[in-house]
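Asker: This is the structure I want to talk about, given as structure tokens.
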Amino acid sequence: MIPDKYLRQTCHFLNNPRLKENTAIHHQFQKLSDYILGGDFDELVLVLDCYTTEVYPRYIRFSDCNVIAWDNHFWDIYGRFLFMYFTYKNLNKSLPQTFYMNYYKSMLLIYLANRFENHPAFARYLAEEYSKMDYKFPPYNEYEDINDILDKVGHLPEFNISKIFGFCHEVAHIAYRKKNTLSNVIQEQVIDYCEAIIQLEELKRKLDPLVEQKSNDKEMGTFLDIARRLLTNSDGKILEEVCCDIIAICILFQYFQDEAGMSLEEACSSLSSVNYFLLCVHWFSTSEVFWKSLYEVTTNVQNDDAFVNPKSPYYKLGNTISDEYAVRINFTFAFCNDKLGMKFDNYRVQQEFMENGFTSLLSDSIGVDIMDVVLNKTKVAKTDYVHAIAHQKKKNKLIGWENEE
Ligand SMILES: [Zn+2]
């Protein structure tokens, strides 16, 4: 099947979006995919520029080619996430906390209205709350380009580095599936590293039988859990994600030194921007899972014990998600430092999020205040075909998602 046609069947496109990818970055993409896949890789890799309701850039495997759906919708959202973060960091004191909370909440609501398109009533009522807000993430029929905004405040580099990291991560999936040399080496090293962490811990336990009762080494405990999870995870999904992050970082580290003449320190410092990207993705995906579970619990009577029944998939959902975040961020950077000799001052950026209150600002912006309104309306909404179409139309109007017929 033709990739473009396939994509159009699986999600909705915005035909005239405010953000498109510039051609210069496509040249960079070509170079980077040669770095990852090797110059003699004989399969077609297509980068398809789009702006869709799926939001995220993604890798899709077709029988005769590899496609990266380069979804500018995500970058449009992420760019504004980044802009607001730097505004918060630099002007925090001069604007009230509620200003930022509202902005992030509006951003989340519009994101959810897209992601829950298959639940039209739910999406429509999320969009309704979004549309009531004053200062907010702009609706899709407002045409300001996020590149210009970030350029004016001097933060375009962080945005671009996140983008090429995102790109390399997707291409790394191709390398991983093809088991090329680079991905095999990384995967083996990751497994060795995990095994070493576990052996070291067991040794410590043998030498000191009381070690389990000591609580001072909490960080090491988490790390040990991460190593165990990576080794035992049966479908290998987390292992693949972590390996793809590491491949992306390795390649960019090399690329920055070769092509941009950066020193080792400069390359590491540039790559620390990846933390913004990972935090953003983490916040959106955890909030989405949270809202999804509320939806399931509200609309399906079989789920009414979801949060108290250990067998329910929603039980202790929050813990599972934060574990995965810990895996992706902490493990990836620790591995690059320990095994590959990079010098990331990763904790500095994470410390910055914690100390300036940004992470708690984000968790206060997930829309708890509008939960009841949205869920109650959704619960009584009609869901037959005709109503579903009407909900979808209404939602599109509320968020300015306009396509000429
Ligand atoms: Zn991935």
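Chain labels run A, B, ... following the order of the structure tokens; each chain numbers its residues from 1, and ligands are numbered from 1 in the order shown.
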Produce as number ranges by chain the set of residues near ligand 1, where near means within 9 Å with only C-alpha atoms and all ligand atoms considered.
Answerer: A: 58-59, 166, 169-170, 172-173, 237-238, 240-242, 244-245
Asker: Can those selected residues be exported to a file as a compact mmCIF listing (two decimals), in the first residue's frame so that it contains N, CA and C atoms?
Answerer:
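Result went into out28.txt, see below:
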```txt
# COMPACT_ATOMS: atom_id res chain seq x y z
N ARG A 58 6.49 8.82 13.98
CA ARG A 58 6.48 7.38 14.18
C ARG A 58 7.09 6.62 13.00
N TYR A 59 7.60 5.44 13.34
CA TYR A 59 8.20 4.58 12.32
C TYR A 59 7.17 3.55 11.88
N GLY A 166 14.83 13.16 18.05
CA GLY A 166 13.59 12.42 17.74
C GLY A 166 13.72 11.66 16.44
N HIS A 169 16.10 8.68 16.88
CA HIS A 169 15.42 7.62 17.63
C HIS A 169 14.56 6.77 16.69
N GLU A 170 13.81 7.41 15.80
CA GLU A 170 12.95 6.65 14.88
C GLU A 170 13.77 5.81 13.90
N ALA A 172 16.68 4.69 14.46
CA ALA A 172 17.29 3.62 15.26
C ALA A 172 16.36 2.40 15.33
N HIS A 173 15.05 2.63 15.29
CA HIS A 173 14.12 1.49 15.27
C HIS A 173 14.35 0.62 14.03
N LYS A 237 9.96 -4.49 24.63
CA LYS A 237 9.64 -3.13 24.17
C LYS A 237 10.48 -2.06 24.87
N ILE A 238 10.61 -2.20 26.19
CA ILE A 238 11.37 -1.18 26.91
C ILE A 238 12.84 -1.24 26.51
N GLU A 240 14.02 -2.17 23.68
CA GLU A 240 14.14 -1.55 22.36
C GLU A 240 14.13 -0.02 22.46
N GLU A 241 13.20 0.52 23.26
CA GLU A 241 13.14 1.98 23.40
C GLU A 241 14.44 2.55 23.95
N VAL A 242 14.96 1.88 25.00
CA VAL A 242 16.20 2.35 25.62
C VAL A 242 17.36 2.26 24.63
N CYS A 244 17.21 2.38 21.40
CA CYS A 244 17.04 3.40 20.37
C CYS A 244 17.44 4.79 20.89
N ASP A 245 17.11 5.08 22.16
CA ASP A 245 17.57 6.34 22.74
C ASP A 245 19.09 6.41 22.77
```
Asker: Going by DSSP on the backbone, which bits of range 63-271 of chain A are alpha helix (DSSP H)? Write them as number ranges by chain, please.
Answerer: A: 72-91, 97-115, 120-132, 146-152, 156-178, 181-207, 218-232, 237-260, 264-271
Asker: List every residue of range 67-201 of chain A that DSSP, applied to the backbone of this structure, assigns to strand (DSSP E), and report them as a PyMOL selection string.
Answerer: chain A and resi 67-71
Asker: Please, could you write that set of residues out with N, CA and C atoms as an mmCIF file, in the first residue's frame?
Answerer:
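Here's the written file selection.cif:
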```
data_model
loop_
_atom_site.group_PDB
_atom_site.id
_atom_site.type_symbol
_atom_site.label_atom_id
_atom_site.label_comp_id
_atom_site.auth_asym_id
_atom_site.auth_seq_id
_atom_site.Cartn_x
_atom_site.Cartn_y
_atom_site.Cartn_z
ATOM 1 N N VAL A 67 9.060 3.797 6.516
ATOM 2 C CA VAL A 67 8.533 5.156 6.500
ATOM 3 C C VAL A 67 8.617 5.771 7.888
ATOM 4 N N ILE A 68 9.104 7.007 7.910
ATOM 5 C CA ILE A 68 9.011 7.767 9.147
ATOM 6 C C ILE A 68 7.982 8.854 8.918
ATOM 7 N N ALA A 69 6.850 8.701 9.598
ATOM 8 C CA ALA A 69 5.817 9.729 9.497
ATOM 9 C C ALA A 69 6.285 10.873 10.385
ATOM 10 N N TRP A 70 6.755 11.917 9.744
ATOM 11 C CA TRP A 70 7.333 13.046 10.486
ATOM 12 C C TRP A 70 6.201 14.000 10.838
ATOM 13 N N ASP A 71 5.590 13.747 11.988
ATOM 14 C CA ASP A 71 4.368 14.460 12.336
ATOM 15 C C ASP A 71 4.693 15.814 12.977
#
```
Asker: When you look at Asn184 in chain A with a cut-off of 12 Å (counting only C-alpha atoms), what residues show up, excluding the ones that are within fewer than 3 positions of it in the same chain? I need them as a short mmCIF file (atom, residue, chain, number, x, y, z; two decimals) with C-alpha atoms, in the first residue's frame.
Answerer:
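Writing the result to around-v9.cif gives the following:
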```cif
data_model
loop_
_atom_site.label_atom_id
_atom_site.label_comp_id
_atom_site.auth_asym_id
_atom_site.auth_seq_id
_atom_site.Cartn_x
_atom_site.Cartn_y
_atom_site.Cartn_z
CA ALA A 172 17.29 3.62 15.26
CA ALA A 175 18.51 -0.40 12.67
CA TYR A 176 17.22 -2.35 15.67
CA ARG A 177 14.73 -4.37 13.63
CA LYS A 178 17.39 -5.04 11.01
CA LYS A 179 19.88 -5.97 13.73
CA ASN A 180 22.70 -3.99 12.15
CA THR A 181 26.14 -3.93 13.74
CA GLN A 187 22.09 -4.05 22.70
CA GLU A 188 24.82 -6.43 23.90
CA GLN A 189 26.46 -3.70 25.93
CA VAL A 190 23.15 -2.71 27.51
CA ILE A 191 22.50 -6.32 28.53
CA GLU A 240 14.14 -1.55 22.36
CA CYS A 243 18.53 1.00 22.93
CA CYS A 244 17.04 3.40 20.37
CA ILE A 247 21.82 4.78 19.57
#
```
Asker: With a distance cut-off of 7 Å and only C-alpha atoms, select the neighbouring residues of Thr53 in chain A, excluding the residue or stretch itself and same-chain residues fewer than 3 positions from it, and output the selection as a list of chain:residue names.
Answerer: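 In the requested format, the answer is A:Cys11, A:His12, A:Phe13, A:Asn114, A:Arg115.
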Asker: Atoms to include: C-alpha atoms. Write the selected residues as a tab-separated table (two decimals), in the first residue's frame.
Answerer:
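Resulting contents of out_38.tsv:
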```tsv
chain	number	residue	atom	x	y	z
A	11	CYS	CA	-5.76	9.14	11.18
A	12	HIS	CA	-6.85	12.62	10.10
A	13	PHE	CA	-4.60	15.14	8.38
A	114	ASN	CA	-6.79	14.77	19.12
A	115	ARG	CA	-5.59	11.58	20.74
```
Asker: Residues near range 390-397 of chain A, anyone? I mean within 6 Å using only C-alpha atoms, not counting same-chain ones fewer than 5 positions away, as a ChimeraX atom specification.
Answerer: /A:120-121,124,127
Asker: Emit the selected residues as a PDB file, in the first residue's frame, including C-alpha atoms.
Answerer:
```pdb
ATOM      1  CA  PRO A 120     -15.898  11.451  19.754  1.00  0.00           C
ATOM      2  CA  ALA A 121     -18.058  12.620  22.663  1.00  0.00           C
ATOM      3  CA  ARG A 124     -15.628  16.998  22.025  1.00  0.00           C
ATOM      4  CA  ALA A 127     -12.296  20.495  23.344  1.00  0.00           C
TER       5      ALA A 127
END
```
Asker: If you count only C-alpha atoms, which residues fall within 12 Å of Glu266 in chain A, apart from same-chain ones fewer than 4 positions away, as a compact mmCIF listing (two decimals) with C-alpha atoms, in the first residue's frame?
Answerer:
```
# COMPACT_ATOMS: atom_id res chain seq x y z
CA LEU A 252 24.51 12.66 17.59
CA PHE A 253 27.53 12.78 19.85
CA GLN A 254 29.66 11.63 16.91
CA PHE A 256 28.25 17.01 16.47
CA GLN A 257 31.99 16.44 16.72
CA ALA A 260 29.87 20.80 13.67
CA GLY A 261 33.41 20.69 15.09
CA MET A 262 32.15 20.58 18.68
CA SER A 270 24.03 20.35 23.55
CA LEU A 271 22.64 16.88 24.02
CA SER A 272 21.36 17.69 27.49
CA SER A 273 18.44 19.39 25.64
CA MET A 342 30.52 10.67 27.70
CA LYS A 343 30.26 13.36 30.33
CA PHE A 344 26.64 14.26 30.79
CA ASP A 345 25.74 16.54 33.60
```
Asker: Quick one: of A:Ile198, A:Ile329, A:Val171, A:Val289, who's nearest to Leu224 in chain A, counting only C-alpha atoms?
Answerer: A:Ile198
Asker: Looking at A:Asn330, A:Ser183, A:Asn90, A:Asn118, which one is nearest to Ile226 in chain A, with distances taken over only C-alpha atoms?
Answerer: A:Asn330
Asker: Mind checking which residues fall within 7 Å of range 17-28 of chain A, counting only C-alpha atoms, ignoring those fewer than 5 positions away in the same chain, and posting them as a count of residues only?
Answerer: 7
Asker: Would you mind telling me which residue in A:Leu279, A:Ile174, A:Leu112, A:Leu37 lies nearest to Ser162 in chain A when using only C-alpha atoms?
Answerer: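 With only C-alpha atoms as the atom set, the closest residue is A:Leu279.
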Asker: Taking only C-alpha atoms into account, which of A:Tyr88, A:Tyr295, A:Tyr103, A:Tyr35 comes nearest Tyr125 in chain A?
Answerer: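 The answer is A:Tyr295, which sits nearest to Tyr125 in chain A.
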Asker: Have a look at A:Ser360, A:Asn141, A:Gln97, A:Ser293 and name the one nearest to Leu398 in chain A; count only C-alpha atoms.
Answerer: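 For Leu398 in chain A, the nearest of the given residues is A:Asn141.
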